[in-house]
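The data block below is protein_13.txt; it holds compact mmCIF, C-alpha atoms and all ligand atoms.
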```
# COMPACT_ATOMS: atom_id res chain seq x y z
CA MET A 259 114.44 76.71 100.36
CA PRO A 260 116.32 76.94 103.66
CA HIS A 261 117.39 80.43 104.54
CA GLN A 262 118.76 82.48 107.35
CA GLN A 263 117.67 85.80 108.67
CA THR A 264 119.14 87.46 111.71
CA SER A 265 118.10 90.45 113.76
CA ASP A 266 120.42 93.44 113.78
CA GLY A 267 119.25 94.66 117.17
CA GLN A 268 117.69 97.73 115.62
CA ASP A 269 115.59 100.16 117.62
CA HIS A 270 112.07 98.81 117.26
CA SER A 271 110.55 101.94 118.71
CA ALA A 272 111.85 104.05 115.82
CA GLU A 273 109.16 106.29 114.44
CA HIS A 274 109.59 107.28 110.84
CA SER A 275 106.96 108.24 108.37
CA ALA A 276 105.96 105.68 105.80
CA VAL A 277 107.21 106.16 102.33
CA ASN A 278 105.17 103.95 100.17
CA ARG A 279 103.10 104.14 97.06
CA SER A 280 102.62 101.31 94.63
CA GLY A 281 102.61 101.60 90.90
CA SER A 282 99.15 100.06 90.81
CA ARG A 283 97.88 102.65 93.25
CA ARG A 284 99.35 105.44 91.18
CA THR A 285 97.73 103.99 88.09
CA PHE A 286 94.40 103.69 89.86
CA ILE A 287 94.42 107.29 90.99
CA LYS A 288 95.55 108.50 87.57
CA ALA A 289 92.78 106.49 85.92
CA SER A 290 90.21 108.19 88.11
CA SER A 291 91.01 111.45 86.31
CA ALA A 292 91.36 113.07 89.69
CA THR A 293 93.66 116.04 90.03
CA VAL A 294 95.81 116.30 93.09
CA THR A 295 95.57 119.85 94.34
CA ALA A 296 97.25 119.58 97.69
CA ALA A 297 99.23 116.98 99.51
CA ALA A 298 100.07 116.32 103.10
CA LEU A 299 101.64 113.19 104.53
CA GLY A 300 99.40 110.37 103.46
CA THR A 301 96.39 112.54 102.68
CA VAL A 302 95.49 114.64 99.68
CA ALA A 303 92.64 116.85 98.65
CA VAL A 304 91.56 116.24 95.08
CA GLN A 305 89.11 117.46 92.47
CA VAL A 306 87.18 115.12 90.19
CA SER A 307 87.07 115.97 86.53
CA PRO A 308 83.66 115.95 84.82
CA SER A 309 84.69 112.92 82.76
CA ALA A 310 84.75 110.84 85.94
CA SER A 311 80.95 110.61 85.82
CA ALA A 312 81.10 108.51 82.62
CA ARG A 313 81.97 105.31 84.49
CA PRO A 314 80.88 103.58 87.68
CA LEU A 315 81.84 105.33 90.88
CA THR A 316 84.75 103.89 92.82
CA VAL A 317 85.28 104.16 96.55
CA VAL A 318 87.70 106.99 95.80
CA ASP A 319 85.12 108.79 93.64
CA GLU A 320 82.51 108.56 96.37
CA ALA A 321 84.92 109.92 98.94
CA LEU A 322 85.85 112.79 96.66
CA ARG A 323 82.25 113.72 95.89
CA ALA A 324 81.47 113.67 99.60
CA GLY A 325 84.37 116.03 100.21
CA ARG A 326 86.27 113.52 102.29
CA PRO A 327 90.06 113.32 102.06
CA VAL A 328 91.47 110.28 100.33
CA SER A 329 94.33 108.51 102.02
CA LEU A 330 97.09 107.46 99.71
CA THR A 331 100.05 105.25 100.34
CA PRO A 332 102.82 107.86 100.47
CA ALA A 333 105.44 107.88 97.73
CA CYS A 334 108.96 106.71 98.41
CA ASP A 335 110.86 109.63 99.85
CA GLY A 336 113.73 107.65 101.27
CA HIS A 337 112.46 107.28 104.82
CA GLU A 338 112.68 103.77 106.12
CA THR A 339 109.57 101.75 106.78
CA PRO A 340 109.03 101.93 110.56
CA ALA A 341 110.14 98.92 112.57
CA ALA A 342 107.99 97.09 115.12
CA ALA A 343 108.34 94.32 117.65
CA GLU A 344 108.90 90.84 116.23
CA GLY A 345 106.67 89.14 118.79
CA PRO A 346 107.26 85.62 120.09
CA LEU A 347 105.78 83.55 117.27
CA PHE A 348 108.26 83.86 114.39
CA LYS A 349 109.51 80.49 113.16
CA PRO A 350 112.61 80.18 110.95
CA GLU A 351 112.77 77.90 107.93
CA SER A 352 109.34 78.77 106.56
CA PRO A 353 108.44 77.46 103.09
CA GLU A 354 109.33 79.60 100.09
CA ARG A 355 105.99 80.59 98.61
CA THR A 356 103.91 83.60 97.59
CA ASN A 357 100.54 81.94 98.28
CA LEU A 358 99.69 81.26 101.91
CA ILE A 359 96.16 80.05 101.16
CA THR A 360 96.80 76.36 101.58
CA PRO A 361 94.09 73.70 101.97
CA GLY A 362 92.13 74.32 105.15
CA ILE A 363 92.79 78.05 105.23
CA ARG A 364 89.54 79.99 105.10
CA GLY A 365 89.03 83.66 105.49
CA VAL A 366 88.68 86.94 103.66
CA GLU A 367 91.16 86.68 100.81
CA LEU A 368 93.79 89.33 100.23
CA GLU A 369 96.37 89.70 97.49
CA PHE A 370 98.78 92.53 97.99
CA THR A 371 101.73 93.66 96.00
CA GLY A 372 104.59 96.05 96.45
CA THR A 373 108.21 96.88 95.87
CA VAL A 374 111.24 96.77 98.13
CA TYR A 375 113.21 100.01 97.82
CA ASP A 376 116.45 101.21 99.36
CA THR A 377 116.59 104.63 100.97
CA ALA A 378 117.48 106.14 97.58
CA CYS A 379 114.16 104.73 96.29
CA THR A 380 115.94 102.23 94.05
CA PRO A 381 114.10 98.89 93.72
CA ILE A 382 116.06 96.06 95.32
CA PRO A 383 116.01 92.61 93.68
CA GLY A 384 116.60 89.50 95.72
CA ALA A 385 115.36 90.91 99.03
CA LEU A 386 114.23 88.22 101.45
CA ILE A 387 110.70 88.87 102.69
CA GLU A 388 109.12 86.81 105.47
CA PHE A 389 105.42 86.91 106.31
CA TRP A 390 103.68 85.25 109.24
CA GLN A 391 100.22 85.84 110.64
CA CYS A 392 97.29 84.33 112.50
CA ASP A 393 94.22 82.85 110.83
CA GLN A 394 90.58 83.88 110.61
CA ASN A 395 90.11 82.79 114.23
CA GLY A 396 93.08 84.72 115.58
CA ASP A 397 95.23 81.60 115.97
CA TYR A 398 98.87 81.20 114.92
CA ASP A 399 100.15 77.85 113.74
CA THR A 400 102.97 77.12 116.18
CA THR A 401 103.43 73.47 115.21
CA GLY A 402 103.54 73.82 111.43
CA TYR A 403 103.86 76.55 108.84
CA SER A 404 100.30 77.54 108.00
CA LEU A 405 100.14 81.20 107.04
CA ARG A 406 103.92 81.44 107.10
CA GLY A 407 106.22 81.84 104.14
CA HIS A 408 109.16 83.62 102.63
CA GLN A 409 109.95 84.85 99.16
CA TYR A 410 112.51 86.96 97.30
CA SER A 411 111.77 90.18 95.48
CA THR A 412 111.94 90.01 91.70
CA SER A 413 114.51 91.63 89.42
CA ARG A 414 112.36 94.77 89.71
CA GLY A 415 112.17 94.58 93.49
CA ALA A 416 108.54 93.46 93.40
CA PHE A 417 106.67 90.98 95.53
CA THR A 418 103.15 89.55 95.68
CA LEU A 419 101.51 87.83 98.62
CA ARG A 420 98.24 85.94 98.47
CA THR A 421 96.83 85.34 101.90
CA ILE A 422 93.82 86.08 104.10
CA ILE A 423 93.12 89.02 106.32
CA PRO A 424 93.98 87.87 109.85
CA ARG A 425 91.64 88.35 112.77
CA ASP A 426 92.31 90.26 115.97
CA TYR A 427 93.42 88.27 119.00
CA THR A 428 94.05 88.86 122.67
CA GLY A 429 97.48 88.03 124.05
CA ARG A 430 100.20 89.39 126.25
CA TRP A 431 99.83 92.87 124.74
CA GLY A 432 96.07 92.95 125.14
CA THR A 433 93.84 92.85 122.08
CA ARG A 434 95.90 93.15 118.92
CA THR A 435 94.24 94.62 115.89
CA PRO A 436 94.63 92.46 112.75
CA HIS A 437 98.21 92.58 111.47
CA ILE A 438 100.72 90.68 109.38
CA HIS A 439 104.24 90.21 110.75
CA THR A 440 107.02 90.85 108.28
CA LYS A 441 110.79 90.75 108.00
CA VAL A 442 112.62 92.26 105.05
CA GLN A 443 116.32 91.91 104.37
CA THR A 444 118.19 93.06 101.31
CA PRO A 445 121.22 90.96 100.30
CA GLY A 446 123.85 91.65 102.94
CA GLY A 447 121.72 94.30 104.62
CA PRO A 448 120.19 94.54 108.09
CA VAL A 449 116.79 93.01 108.85
CA LEU A 450 113.73 95.23 109.03
CA ILE A 451 111.15 93.70 111.38
CA THR A 452 107.72 95.26 111.25
CA GLN A 453 103.95 94.66 111.22
CA LEU A 454 101.42 95.63 108.56
CA TYR A 455 97.90 96.83 109.37
CA PHE A 456 94.53 97.35 107.70
CA PRO A 457 92.38 100.45 107.11
CA ASP A 458 89.58 101.31 109.52
CA GLY A 459 86.94 100.46 106.94
CA THR A 460 88.13 96.90 106.29
CA GLN A 461 85.27 94.41 106.29
CA ALA A 462 86.17 90.98 107.65
CA TYR A 463 84.69 88.56 110.14
CA GLY A 464 82.14 91.13 111.30
CA ARG A 465 84.85 92.95 113.24
CA ASP A 466 85.06 96.70 113.81
CA PHE A 467 88.50 97.49 112.40
CA ALA A 468 88.24 101.16 113.36
CA ALA A 469 87.70 100.29 117.01
CA LEU A 470 90.35 97.56 116.93
CA ASN A 471 92.90 99.90 115.36
CA ALA A 472 92.06 102.67 117.82
CA GLY A 473 92.42 100.32 120.77
CA ASP A 474 95.79 98.83 119.79
CA GLY A 475 98.68 100.59 121.50
CA LEU A 476 101.24 98.99 119.20
CA ILE A 477 99.71 100.00 115.87
CA ASN A 478 101.69 102.23 113.53
CA ARG A 479 99.29 103.51 110.90
CA ALA A 480 102.22 104.36 108.63
CA CYS A 481 102.36 100.61 108.06
CA THR A 482 98.78 100.32 106.80
CA ILE A 483 98.24 98.29 103.63
CA ALA A 484 96.30 100.34 101.04
CA LEU A 485 93.26 98.22 100.19
CA THR A 486 90.79 98.21 97.33
CA GLY A 487 87.64 96.13 97.50
CA PRO A 488 86.20 93.91 98.61
CA VAL A 489 85.24 92.54 95.20
CA ASN A 490 83.47 89.19 95.45
CA GLY A 491 84.67 89.01 99.02
CA SER A 492 88.36 89.52 98.20
CA TYR A 493 90.64 92.48 98.72
CA LYS A 494 93.58 93.77 96.70
CA GLY A 495 96.29 95.64 98.52
CA ALA A 496 99.52 97.57 98.09
CA PHE A 497 102.44 98.24 100.37
CA ASP A 498 106.04 99.16 99.56
CA PHE A 499 108.99 98.66 101.86
CA VAL A 500 111.89 101.08 102.16
CA VAL A 501 114.85 99.50 103.89
CA LYS A 502 118.51 100.08 104.59
CA THR A 503 120.93 98.08 102.49
CA THR A 504 123.96 98.53 104.72
CA ALA A 505 124.48 98.15 108.43
CA PRO A 506 124.05 101.36 110.45
FE FE B 1 100.87 88.99 116.02
```
Now that the file is in, can you turn its structure into structure tokens?
Amino acid sequence: MPHQQTSDGQDHSAEHSAVNRSGSRRTFIKASSATVTAAALGTVAVQVSPSASARPLTVVDEALRAGRPVSLTPACDGHETPAAAEGPLFKPESPERTNLITPGIRGVELEFTGTVYDTACTPIPGALIEFWQCDQNGDYDTTGYSLRGHQYSTSRGAFTLRTIIPRDYTGRWGTRTPHIHTKVQTPGGPVLITQLYFPDGTQAYGRDFAALNAGDGLINRACTIALTGPVNGSYKGAFDFVVKTTAP
């Protein structure tokens, strides 16, 4: 479906804390029978109940038993998702679709879900969400629309994207750690332009995501997709957007 999306000239250097936590992530943590005992921005210390030993250990369980903090996608507290540079490779008029794995696309599969909220943490239906990214070789499709698409959030503000984890590439800003470019616009609202990242422990293409993340001067870790997996080589992920619904 043809669509239009325009930049509002917003300050792309704005630094705000992320404000995201998905329902699935909440459910996962609740199901682990873990008790949150302290919380800081994005990190909590937790205790595992004895009943947790009755089922297979999850990555979260192992981290807890080792005494390591578990990073959570922060809950919506009304702070906007941080903006980032658009970059030169956005193309308008992308196909409307939630699945970017078209014939010929190979890579580590990722399906991530989330909700678009306004700054009052109310889910926003009908928000236009654009995604574009490079492939498993670090290449963007500049002649067609591979790994590009747009969709609209559901009546509950939800979205799902099936895609692959992109690879790092070297360009005008040096080596960029893997990222997915995104634009989000609520009906009649300004456009949020940002980039989404991956946790240090992500396993894809034999790359060292910790080193790539650490070496990328543009990364904003508040825009990290919360991943679970890989299971059979595929990841699940969660990321919520919090956006303005009226012009500043
Ligand atoms: Fe990029």
| query | At what distance in Å, to one decimal, does atom CA of Glu369 of chain A lie from atom CA of Leu485 of chain A? | reply |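 Going from atom CA of Leu485 of chain A over to atom CA of Glu369 of chain A covers 9.5 Å.
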Kindly assemble as a Markdown table a list of the chain A residues that lie within 7 Å of ligand FE 1 (chain B), each paired with its nearest atom pair and their distance in Å to one decimal, using only C-alpha atoms and all ligand atoms, sorted first by chain and then by ascending residue number.
```
| residue | atom | partner | partner_atom | distance |
| --- | --- | --- | --- | --- |
| A:Gly345 | CA | B:FE1 | FE | 6.4 |
| A:Gln391 | CA | B:FE1 | FE | 6.3 |
| A:Cys392 | CA | B:FE1 | FE | 6.8 |
| A:His437 | CA | B:FE1 | FE | 6.4 |
| A:Ile438 | CA | B:FE1 | FE | 6.9 |
| A:His439 | CA | B:FE1 | FE | 6.4 |
```
Can you write just those residues out, C-alpha atoms, as a compact mmCIF listing (two decimals), keeping the file's coordinate frame?
```txt
# COMPACT_ATOMS: atom_id res chain seq x y z
CA GLY A 345 106.67 89.14 118.79
CA GLN A 391 100.22 85.84 110.64
CA CYS A 392 97.29 84.33 112.50
CA HIS A 437 98.21 92.58 111.47
CA ILE A 438 100.72 90.68 109.38
CA HIS A 439 104.24 90.21 110.75
```
| Looking at only C-alpha atoms, which of A:Ala505, A:Ile422, A:Ala378, A:Ala462 is the one that sits closest to Gln443 of chain A? |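 Answer, going by the shortest atom-to-atom distance: A:Ala505.
Candidate residues A:Pro346, A:Gly475, A:Gly407, A:Gly402 were compared for distance to Ile359 of chain A, and the nearest is A:Gly407, using all atoms listed in the file.
Of the residues listed (A:Tyr463, A:Phe348, A:Tyr375, A:Phe456), A:Tyr375 shows the shortest atom-to-atom separation from Asp498 of chain A; distances use only C-alpha atoms.
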| task | Could you check how far atom CA of Gly336 of chain A sits from atom CA of Arg414 of chain A, in Å to one decimal? | result |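 Atom CA of Arg414 of chain A lies at a distance of 17.4 Å from atom CA of Gly336 of chain A.
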| message | Neighbouring residues of Leu358 of chain A were defined as those with any atom within 8 Å, considering only C-alpha atoms; residues of the same chain fewer than 6 positions away were excluded. Please report them as an MDAnalysis selection string. | response | chainID A and resid 404:407 419:422
| Distance of atom CA of Pro350 of chain A from atom CA of Arg425 of chain A, expressed in Å to one decimal place |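 Computing the Euclidean distance for atom CA of Arg425 of chain A and atom CA of Pro350 of chain A yields 22.6 Å.
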Mind dumping a table of every segment 361-475 of chain A residue within 8 Å of segment 486-492 of chain A, with the nearest atom pair and its distance in Å to one decimal, using only C-alpha atoms, sorted by chain and rising number, as JSON lines?
```
{"residue": "A:Val366", "atom": "CA", "partner": "A:Ser492", "partner_atom": "CA", "distance": 6.0}
{"residue": "A:Glu367", "atom": "CA", "partner": "A:Ser492", "partner_atom": "CA", "distance": 4.8}
{"residue": "A:Leu368", "atom": "CA", "partner": "A:Ser492", "partner_atom": "CA", "distance": 5.8}
{"residue": "A:Gln461", "atom": "CA", "partner": "A:Pro488", "partner_atom": "CA", "distance": 7.8}
```
| task | Pick out the residues sitting within 8 Å of segment 397-400 of chain A, and hand them over as number ranges by chain; count all atoms listed in the file, and ignore anything fewer than 6 positions along from it in its own chain. | result | A: 347, 349, 391, 427
| Which residues, written as a ChimeraX atom specification, have at least one atom at most 12 Å from Gly432 of chain A, with all atoms listed in the file counted and residues fewer than 6 positions away on the same chain left out? | /A:426,470,473-476
